[in-house]
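Structure data follow from start.txt (compact mmCIF, C-alpha atoms and all ligand atoms):
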```txt
# COMPACT_ATOMS: atom_id res chain seq x y z
CA MET A 8 7.50 -67.53 26.97
CA SER A 9 6.33 -66.59 23.53
CA ASP A 10 3.28 -68.34 22.15
CA LYS A 11 4.87 -68.51 18.72
CA LEU A 12 4.60 -72.01 17.37
CA LEU A 13 6.50 -71.32 14.20
CA GLU A 14 8.99 -68.69 13.12
CA LEU A 15 10.43 -68.55 9.66
CA ASN A 16 13.12 -65.92 9.38
CA SER A 17 14.65 -64.71 6.11
CA ILE A 18 14.15 -67.94 4.24
CA HIS A 19 16.01 -68.19 0.96
CA LYS A 20 15.54 -71.06 -1.43
CA SER A 21 16.66 -71.52 -4.99
CA PHE A 22 16.56 -74.42 -7.39
CA ALA A 23 19.54 -74.71 -9.73
CA GLY A 24 20.44 -71.07 -9.22
CA VAL A 25 16.88 -69.80 -9.72
CA THR A 26 15.59 -68.01 -6.64
CA VAL A 27 12.16 -69.25 -5.58
CA LEU A 28 11.94 -67.85 -2.05
CA GLU A 29 13.61 -64.58 -1.29
CA ASP A 30 13.89 -63.42 2.28
CA ILE A 31 10.58 -64.83 3.49
CA SER A 32 9.71 -64.25 7.13
CA LEU A 33 6.53 -65.49 8.73
CA SER A 34 5.47 -66.31 12.25
CA VAL A 35 2.46 -68.16 13.52
CA SER A 36 1.12 -68.09 17.06
CA ARG A 37 -0.82 -70.79 18.84
CA GLY A 38 -4.40 -70.99 17.64
CA GLU A 39 -3.85 -68.82 14.59
CA VAL A 40 -5.14 -69.69 11.15
CA VAL A 41 -2.94 -68.22 8.44
CA SER A 42 -3.86 -68.52 4.78
CA ILE A 43 -1.24 -68.17 2.09
CA ILE A 44 -2.44 -66.93 -1.26
CA GLY A 45 -0.67 -65.88 -4.43
CA PRO A 46 -0.29 -66.66 -8.12
CA SER A 47 0.67 -70.10 -9.36
CA GLY A 48 4.43 -70.55 -9.30
CA SER A 49 4.96 -67.88 -6.65
CA GLY A 50 6.61 -70.32 -4.22
CA LYS A 51 3.72 -71.26 -1.88
CA SER A 52 4.31 -75.02 -2.06
CA THR A 53 8.05 -74.51 -1.81
CA LEU A 54 7.51 -72.47 1.34
CA LEU A 55 5.42 -75.26 2.91
CA ARG A 56 7.96 -77.85 1.81
CA CYS A 57 10.76 -75.82 3.35
CA ALA A 58 8.81 -75.20 6.57
CA THR A 59 8.11 -78.92 6.88
CA MET A 60 11.67 -79.81 5.94
CA LEU A 61 10.80 -81.73 2.80
CA ASN A 62 13.08 -79.24 1.02
CA ASP A 63 16.28 -77.83 2.49
CA ILE A 64 16.54 -74.07 2.68
CA ASP A 65 19.66 -72.28 1.44
CA SER A 66 19.66 -69.83 4.32
CA GLY A 67 17.38 -68.49 7.03
CA GLU A 68 15.94 -69.83 10.25
CA ILE A 69 13.19 -72.35 10.98
CA ILE A 70 12.07 -72.40 14.61
CA TYR A 71 9.26 -74.51 16.05
CA MET A 72 8.19 -73.70 19.61
CA GLY A 73 11.51 -72.08 20.32
CA ARG A 74 13.47 -75.03 18.97
CA LYS A 75 15.73 -74.34 16.03
CA ALA A 76 15.36 -76.76 13.17
CA ALA A 77 17.61 -74.65 10.96
CA THR A 78 19.84 -71.63 11.46
CA THR A 79 22.32 -69.87 9.25
CA VAL A 80 26.07 -69.86 9.69
CA ASP A 81 28.27 -67.92 7.28
CA GLY A 82 25.34 -67.48 4.91
CA HIS A 83 24.45 -71.16 4.74
CA ALA A 84 21.65 -73.06 6.44
CA VAL A 85 22.70 -75.49 9.14
CA TYR A 86 20.14 -78.03 10.29
CA ALA A 87 19.79 -79.43 13.79
CA PRO A 88 20.98 -83.00 14.32
CA LYS A 89 18.72 -85.74 12.95
CA ARG A 90 17.37 -86.73 16.33
CA GLU A 91 16.33 -83.15 17.13
CA LEU A 92 14.76 -82.77 13.67
CA LYS A 93 12.76 -85.91 14.30
CA GLU A 94 11.46 -84.45 17.56
CA ILE A 95 10.68 -81.11 15.92
CA SER A 96 8.86 -82.92 13.10
CA LYS A 97 6.30 -84.13 15.62
CA PHE A 98 5.12 -80.52 15.99
CA PHE A 99 3.56 -80.40 12.54
CA GLY A 100 1.45 -82.33 10.07
CA LEU A 101 0.95 -81.79 6.38
CA VAL A 102 -2.08 -82.35 4.16
CA PHE A 103 -1.38 -82.44 0.45
CA GLN A 104 -3.43 -81.52 -2.57
CA ASN A 105 -3.67 -85.10 -3.81
CA PHE A 106 -4.54 -86.81 -0.51
CA ASN A 107 -1.56 -89.23 -0.69
CA LEU A 108 -3.35 -92.03 1.15
CA PHE A 109 -1.86 -95.51 1.05
CA PRO A 110 -4.05 -97.24 -1.56
CA HIS A 111 -3.56 -100.75 -0.17
CA TYR A 112 -4.50 -99.78 3.41
CA SER A 113 -8.02 -99.44 4.71
CA VAL A 114 -9.14 -96.02 5.92
CA LEU A 115 -8.62 -97.10 9.53
CA LYS A 116 -5.14 -98.43 8.85
CA ASN A 117 -4.23 -95.27 6.95
CA ILE A 118 -5.03 -93.26 10.07
CA MET A 119 -3.59 -95.69 12.62
CA ASP A 120 -0.41 -96.63 10.82
CA ALA A 121 1.90 -93.76 11.75
CA PRO A 122 0.73 -93.48 15.37
CA VAL A 123 1.32 -97.21 15.88
CA SER A 124 4.43 -97.86 13.81
CA VAL A 125 6.18 -94.50 14.04
CA ALA A 126 4.99 -92.91 17.28
CA HIS A 127 4.57 -96.27 19.10
CA VAL A 128 1.15 -95.38 20.42
CA ASP A 129 -0.76 -98.32 21.93
CA ARG A 130 -2.81 -99.97 19.18
CA ASN A 131 -6.13 -99.76 21.01
CA GLU A 132 -5.55 -96.14 21.84
CA ALA A 133 -4.61 -95.35 18.22
CA LYS A 134 -7.71 -97.15 17.00
CA ALA A 135 -9.97 -95.29 19.43
CA ARG A 136 -8.51 -91.97 18.31
CA ALA A 137 -8.86 -92.88 14.63
CA LEU A 138 -12.50 -93.82 15.12
CA THR A 139 -13.16 -90.59 17.01
CA LEU A 140 -11.64 -88.57 14.17
CA LEU A 141 -13.66 -90.49 11.57
CA ASP A 142 -16.79 -89.83 13.58
CA GLN A 143 -15.95 -86.15 13.91
CA PHE A 144 -15.50 -85.90 10.13
CA GLY A 145 -18.67 -87.84 9.28
CA LEU A 146 -16.85 -90.92 8.06
CA SER A 147 -17.74 -93.49 10.71
CA ASP A 148 -19.05 -95.93 8.13
CA LYS A 149 -15.87 -95.79 6.05
CA ALA A 150 -13.34 -97.25 8.51
CA ASP A 151 -12.99 -100.50 6.56
CA ALA A 152 -13.22 -98.98 3.10
CA TYR A 153 -10.21 -98.53 0.81
CA PRO A 154 -9.27 -95.12 -0.58
CA CYS A 155 -10.34 -96.07 -4.11
CA GLU A 156 -13.88 -96.65 -2.78
CA LEU A 157 -14.14 -93.08 -1.51
CA SER A 158 -14.89 -89.80 -3.23
CA GLY A 159 -12.08 -87.24 -3.40
CA GLY A 160 -13.73 -85.23 -0.64
CA GLN A 161 -13.90 -88.28 1.60
CA GLN A 162 -10.28 -89.16 0.82
CA GLN A 163 -9.17 -85.68 1.73
CA ARG A 164 -11.09 -85.81 5.01
CA VAL A 165 -9.35 -89.10 5.76
CA SER A 166 -5.98 -87.56 5.04
CA ILE A 167 -6.79 -84.69 7.43
CA ALA A 168 -7.77 -87.28 10.05
CA ARG A 169 -4.52 -89.11 9.37
CA ALA A 170 -2.48 -85.95 9.96
CA LEU A 171 -4.41 -85.19 13.16
CA ALA A 172 -3.92 -88.71 14.49
CA LEU A 173 -0.34 -87.74 15.31
CA LYS A 174 -1.59 -84.79 17.39
CA PRO A 175 0.43 -82.07 15.69
CA GLU A 176 0.63 -78.55 17.10
CA ILE A 177 0.40 -77.09 13.60
CA LEU A 178 -1.30 -78.40 10.52
CA PHE A 179 -0.18 -77.31 7.06
CA PHE A 180 -2.46 -77.63 4.03
CA ASP A 181 -1.27 -77.27 0.47
CA GLU A 182 -4.31 -76.45 -1.68
CA PRO A 183 -6.42 -79.07 0.07
CA THR A 184 -9.39 -78.67 -2.27
CA SER A 185 -7.85 -77.92 -5.63
CA ALA A 186 -8.03 -81.55 -6.78
CA LEU A 187 -11.73 -81.68 -5.93
CA ASP A 188 -14.88 -81.01 -7.88
CA PRO A 189 -16.66 -77.90 -6.58
CA GLU A 190 -19.42 -79.93 -4.92
CA LEU A 191 -16.83 -81.85 -2.88
CA THR A 192 -14.80 -78.79 -1.93
CA GLY A 193 -17.37 -77.64 0.61
CA GLU A 194 -17.22 -80.77 2.74
CA VAL A 195 -13.45 -80.45 3.11
CA LEU A 196 -13.60 -76.73 3.86
CA LYS A 197 -16.24 -77.48 6.47
CA VAL A 198 -13.86 -79.86 8.25
CA ILE A 199 -11.11 -77.22 8.21
CA LYS A 200 -13.55 -74.64 9.58
CA GLN A 201 -14.47 -77.09 12.31
CA LEU A 202 -10.77 -77.36 13.22
CA ALA A 203 -10.44 -73.58 13.21
CA ALA A 204 -13.34 -73.35 15.66
CA GLU A 205 -11.42 -75.75 17.89
CA HIS A 206 -8.43 -73.37 17.67
CA MET A 207 -6.20 -75.71 15.75
CA THR A 208 -3.18 -73.79 14.48
CA MET A 209 -3.18 -74.00 10.70
CA ILE A 210 -1.31 -72.69 7.70
CA ILE A 211 -3.37 -73.10 4.57
CA VAL A 212 -2.30 -72.50 1.00
CA THR A 213 -5.54 -71.95 -0.86
CA HIS A 214 -7.24 -70.39 -3.84
CA GLU A 215 -10.58 -70.41 -2.04
CA MET A 216 -10.73 -66.69 -1.35
CA GLN A 217 -14.07 -66.57 0.41
CA PHE A 218 -13.02 -69.43 2.65
CA ALA A 219 -9.68 -67.74 3.41
CA ARG A 220 -11.51 -64.57 4.28
CA GLU A 221 -13.88 -66.35 6.66
CA VAL A 222 -11.51 -68.73 8.37
CA SER A 223 -8.22 -66.84 8.63
CA ASP A 224 -6.78 -64.63 11.32
CA ARG A 225 -4.21 -63.49 8.78
CA ILE A 226 -3.74 -63.78 5.07
CA VAL A 227 -0.28 -63.75 3.55
CA PHE A 228 0.03 -62.80 -0.11
CA ILE A 229 3.14 -64.17 -1.77
CA GLU A 230 4.37 -63.24 -5.21
CA ASN A 231 7.68 -64.12 -6.83
CA GLY A 232 8.93 -65.64 -3.60
CA ILE A 233 8.33 -62.50 -1.56
CA VAL A 234 5.73 -61.70 1.10
CA VAL A 235 3.89 -58.79 -0.48
CA ALA A 236 1.29 -58.49 2.28
CA ASP A 237 0.63 -60.14 5.64
CA ASP A 238 -2.48 -58.76 7.28
CA SER A 239 -6.00 -59.39 8.52
CA PRO A 240 -8.50 -60.68 5.95
CA GLU A 241 -10.31 -57.35 5.96
CA ALA A 242 -7.09 -55.43 5.32
CA ILE A 243 -6.11 -57.81 2.53
CA PHE A 244 -9.53 -57.62 0.86
CA THR A 245 -9.48 -53.83 0.98
CA SER A 246 -5.78 -53.48 0.26
CA ASP A 247 -4.35 -50.49 -1.58
CA ASN A 248 -1.57 -52.64 -2.95
CA THR A 249 -2.07 -52.94 -6.70
CA ARG A 250 -0.86 -56.53 -6.93
CA VAL A 251 -2.99 -57.70 -4.04
CA ARG A 252 -6.04 -55.97 -5.49
CA GLU A 253 -5.47 -57.41 -8.95
CA PHE A 254 -5.06 -60.90 -7.55
CA ILE A 255 -8.11 -60.72 -5.31
CA GLY A 256 -10.09 -59.07 -8.09
CA LYS A 257 -9.63 -62.11 -10.34
CA PHE A 258 -11.53 -64.22 -7.85
CA ASN A 259 -14.37 -61.80 -7.40
CA SER A 260 -15.23 -61.40 -11.04
N1 LIG B 301 12.00 -79.43 -6.95
C1 LIG B 301 12.05 -78.37 -7.77
N2 LIG B 301 13.03 -78.22 -8.67
C2 LIG B 301 13.10 -77.15 -9.48
N3 LIG B 301 12.21 -76.12 -9.45
C3 LIG B 301 11.22 -76.21 -8.58
C4 LIG B 301 11.06 -77.32 -7.69
N4 LIG B 301 9.97 -77.11 -6.93
C5 LIG B 301 9.45 -75.92 -7.32
N5 LIG B 301 10.21 -75.38 -8.32
C6 LIG B 301 9.94 -74.09 -8.96
O1 LIG B 301 9.72 -73.13 -7.96
C7 LIG B 301 8.74 -72.19 -8.39
C8 LIG B 301 7.66 -72.09 -7.35
O2 LIG B 301 6.95 -73.30 -7.35
P1 LIG B 301 5.86 -73.64 -6.25
O3 LIG B 301 6.45 -73.46 -4.92
O4 LIG B 301 5.33 -74.98 -6.58
O5 LIG B 301 4.78 -72.52 -6.51
P2 LIG B 301 3.24 -72.43 -6.09
O6 LIG B 301 2.99 -73.52 -5.10
O7 LIG B 301 3.06 -71.06 -5.55
O8 LIG B 301 2.46 -72.62 -7.35
C9 LIG B 301 8.26 -72.64 -9.75
O9 LIG B 301 8.93 -71.90 -10.73
C10 LIG B 301 8.68 -74.09 -9.79
O10 LIG B 301 8.91 -74.50 -11.10
MG MG B 302 1.66 -75.12 -5.11
```
How does this structure look as C-alpha cells?
Ligand SMILES: Nc1ncnc2c1ncn2[C@@H]1O[C@H](COP(=O)(O)OP(=O)(O)O)[C@@H](O)[C@H]1O
Ligand SMILES: [Mg+2]
Amino acid sequence: MSDKLLELNSIHKSFAGVTVLEDISLSVSRGEVVSIIGPSGSGKSTLLRCATMLNDIDSGEIIYMGRKAATTVDGHAVYAPKRELKEISKFFGLVFQNFNLFPHYSVLKNIMDAPVSVAHVDRNEAKARALTLLDQFGLSDKADAYPCELSGGQQQRVSIARALALKPEILFFDEPTSALDPELTGEVLKVIKQLAAEHMTMIIVTHEMQFAREVSDRIVFIENGIVVADDSPEAIFTSDNTRVREFIGKFNS
C-alpha cells in the first residue's frame, strides 16, 4: 500500500470563466511537511479550499488515503456521495489565517466542541485531550478564557489545537501567521515546528521563507495557478528558475 495521504491530480478550477488553478498535481506522503509559496493571487488559498472541499473543483481528482473524494467523468468533476465525503473529511483539518474561533465559546469549548458534538467523542475524553493540547502549546492557563482575551498568537495556537482535537491525518494551514505582528509570529511557527518534529503531515501556505526552508520536506512554488517548482528546500532556494529566484529574492533583500 502506498503511504500517500493525499493525491491531487490535474486539478482545474475557475471562477466565472477565469481560470485560477490549471492542471495542478500534488501528492503528500505520511509525515511530510509541504510548504506552498507563491505570489499573492496565484491560487494558493483556492488550492487549499479545493483540497479541503470548501470549493468544488471543475475537473481533476482528489484522493485521500486511497479514497476518492472527487474524480472526473467526461471532463467534469464528480464527487463521492455525501456520506463518503463526510468520512474523508475526517482525514484533514484546516487552520485559517484569521483563527476563526467561536467568540462566544471559551478556549476549552472551542477545542472540545467538534469532537463532542460532531465526532461524538466522550466528553471527559475530549476534555482531557483538549487540556493536553493546551498544555503542549503553553496555554494551560487559558482554558477558561474567551478568544477576545487572547493575543493573536494565542488565538492561532488555540485554533491549531482545535484542528488537532479531531485527530486529523493531515493538517492544512493557510498563511497561519500573516495576521500576526512579527513578535507573535514566532510562537505560532514554534508550535508548527513542534508538530513537524512529531511527524505530523502538514501542508502550509506561507510567506515565511526561512521557516519554510527549515521545516519543509518539500516546497511547492505556485504561480498563476500552475506548479512552477516542487522540490526540496535546498533545490528551491538555489533554483535556476527565473521566477522562483525572483520570488525568493524578494524575501532575502
Ligand atoms: N470565491 C471566489 N470567487 C471569484 N474569484 C475568486 C474566488 N476565490 C478566489 N478568487 C480569485 O482567484 C485568484 C486566486 O486567489 P487565491 O487563491 O486567494 O490566491 P492566493 O491565496 O495565492 O493569494 C484571485 O484572482 C482571486 O481573486
Ligand atoms: Mg491566500
Minimum-distance residue to ligand MG 302 (chain B), chosen among A:His83, A:Arg252, A:His127, A:His214 (using only C-alpha atoms and all ligand atoms):
A:His214
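Across A:Lys134, A:Arg220, A:Lys20, A:Arg90, the tightest approach to A:Arg169 is made by A:Lys134 when counting all atoms listed in the file.
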Dump as CSV the rows for residues of chain A within 8 Å of ligand MG 302 (chain B): closest atom pair and distance in Å with one decimal, only C-alpha atoms and all ligand atoms counted, ordered by chain and rising residue number.
```
residue,atom,partner,partner_atom,distance
A:Ser47,CA,B:MG302,MG,6.7
A:Gly48,CA,B:MG302,MG,6.8
A:Gly50,CA,B:MG302,MG,7.0
A:Lys51,CA,B:MG302,MG,5.4
A:Ser52,CA,B:MG302,MG,4.0
A:Thr53,CA,B:MG302,MG,7.2
A:Asp181,CA,B:MG302,MG,6.7
A:Glu182,CA,B:MG302,MG,7.0
A:Val212,CA,B:MG302,MG,7.7
```
What does the distance from atom CA of A:Leu140 to atom CA of A:Leu171 come to in Å, to one decimal?
8.0 Å
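When all atoms listed in the file are used to measure the gap to ligand LIG 301 (chain B), the shortest distance among A:Thr192, A:Ser34, A:Gln104, A:Gln161 belongs to A:Gln104.
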Enter the distance from atom CA of A:Asp151 to atom CA of A:Ser113, in Å, rounded to one decimal.
5.4 Å
Would you please work out which residue, of A:Gly232, A:Ile226, A:Leu61, A:Val198, is nearest to A:His19 when using all atoms listed in the file?
A:Gly232
What's around A:Tyr86 at 8 Å? Count only C-alpha atoms, leave out sequence neighbours fewer than 6 positions away in its own chain, and write the answer as a PDB file with C-alpha atoms, keeping the file's coordinate frame.
```pdb
ATOM      1  CA  ALA A  76      15.360 -76.760  13.170  1.00  0.00           C
ATOM      2  CA  ALA A  77      17.610 -74.650  10.960  1.00  0.00           C
ATOM      3  CA  THR A  78      19.840 -71.630  11.460  1.00  0.00           C
ATOM      4  CA  LEU A  92      14.760 -82.770  13.670  1.00  0.00           C
TER       5      LEU A  92
END
```
My list of candidates is A:Thr213, A:Thr208, A:Ser66, A:Gln162. Which is closest to ligand LIG 301 (chain B) when distances are computed with only C-alpha atoms and all ligand atoms?
A:Thr213
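Between A:Leu173 and the residues A:Phe254, A:Phe103, A:Phe22, A:Phe98, the shortest atom-to-atom distance, using only C-alpha atoms, involves A:Phe98.
Every protein or nucleic acid residue with an atom no more than 9 Å from A:Leu54, counting only C-alpha atoms and leaving out same-chain residues fewer than 4 positions away, appears here: Ile18, Lys20, Val27, Leu28, Ile31, Gly50, Ala58, Thr59, Asn62 and Gly232 of chain A.
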Nearby residues (all atoms listed in the file) at most 9 Å from A:Glu176, same-chain spacing under 4 positions excluded, as a compact mmCIF listing (two decimals) with C-alpha atoms, in the frame of the given file:
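Result went into selection-v4.txt, see below:
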```txt
# COMPACT_ATOMS: atom_id res chain seq x y z
CA LEU A 12 4.60 -72.01 17.37
CA ARG A 37 -0.82 -70.79 18.84
CA LYS A 97 6.30 -84.13 15.62
CA PHE A 98 5.12 -80.52 15.99
CA PHE A 99 3.56 -80.40 12.54
CA GLY A 100 1.45 -82.33 10.07
CA MET A 207 -6.20 -75.71 15.75
CA THR A 208 -3.18 -73.79 14.48
CA MET A 209 -3.18 -74.00 10.70
```
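One distance worth recording is that between atom CA of A:Lys149 and atom CA of A:Lys200, which is 21.6 Å.
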Using 3 Å of padding on each side, determine the axis-aligned box around all atoms of stretch 50-69 of chain A present in the file and give its centre and edge lengths in Å to one decimal, as lines of an AutoDock Vina configuration file.
```
center_x = 11.7
center_y = -75.1
center_z = 3.4
size_x = 21.9
size_y = 19.2
size_z = 21.2
```
Give me, as a PDB file with C-alpha atoms, in the coordinates of the input, all polymer residues having an atom no more than 12 Å from A:Glu132, counting all atoms listed in the file and skipping those fewer than 3 positions away in the same chain.
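Generated file (result.pdb):
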```pdb
ATOM      1  CA  MET A 119      -3.590 -95.690  12.620  1.00  0.00           C
ATOM      2  CA  PRO A 122       0.730 -93.480  15.370  1.00  0.00           C
ATOM      3  CA  VAL A 123       1.320 -97.210  15.880  1.00  0.00           C
ATOM      4  CA  ALA A 126       4.990 -92.910  17.280  1.00  0.00           C
ATOM      5  CA  HIS A 127       4.570 -96.270  19.100  1.00  0.00           C
ATOM      6  CA  VAL A 128       1.150 -95.380  20.420  1.00  0.00           C
ATOM      7  CA  ASP A 129      -0.760 -98.320  21.930  1.00  0.00           C
ATOM      8  CA  ALA A 135      -9.970 -95.290  19.430  1.00  0.00           C
ATOM      9  CA  ARG A 136      -8.510 -91.970  18.310  1.00  0.00           C
ATOM     10  CA  ALA A 137      -8.860 -92.880  14.630  1.00  0.00           C
ATOM     11  CA  LEU A 138     -12.500 -93.820  15.120  1.00  0.00           C
ATOM     12  CA  THR A 139     -13.160 -90.590  17.010  1.00  0.00           C
ATOM     13  CA  ALA A 172      -3.920 -88.710  14.490  1.00  0.00           C
ATOM     14  CA  LEU A 173      -0.340 -87.740  15.310  1.00  0.00           C
TER      15      LEU A 173
END
```
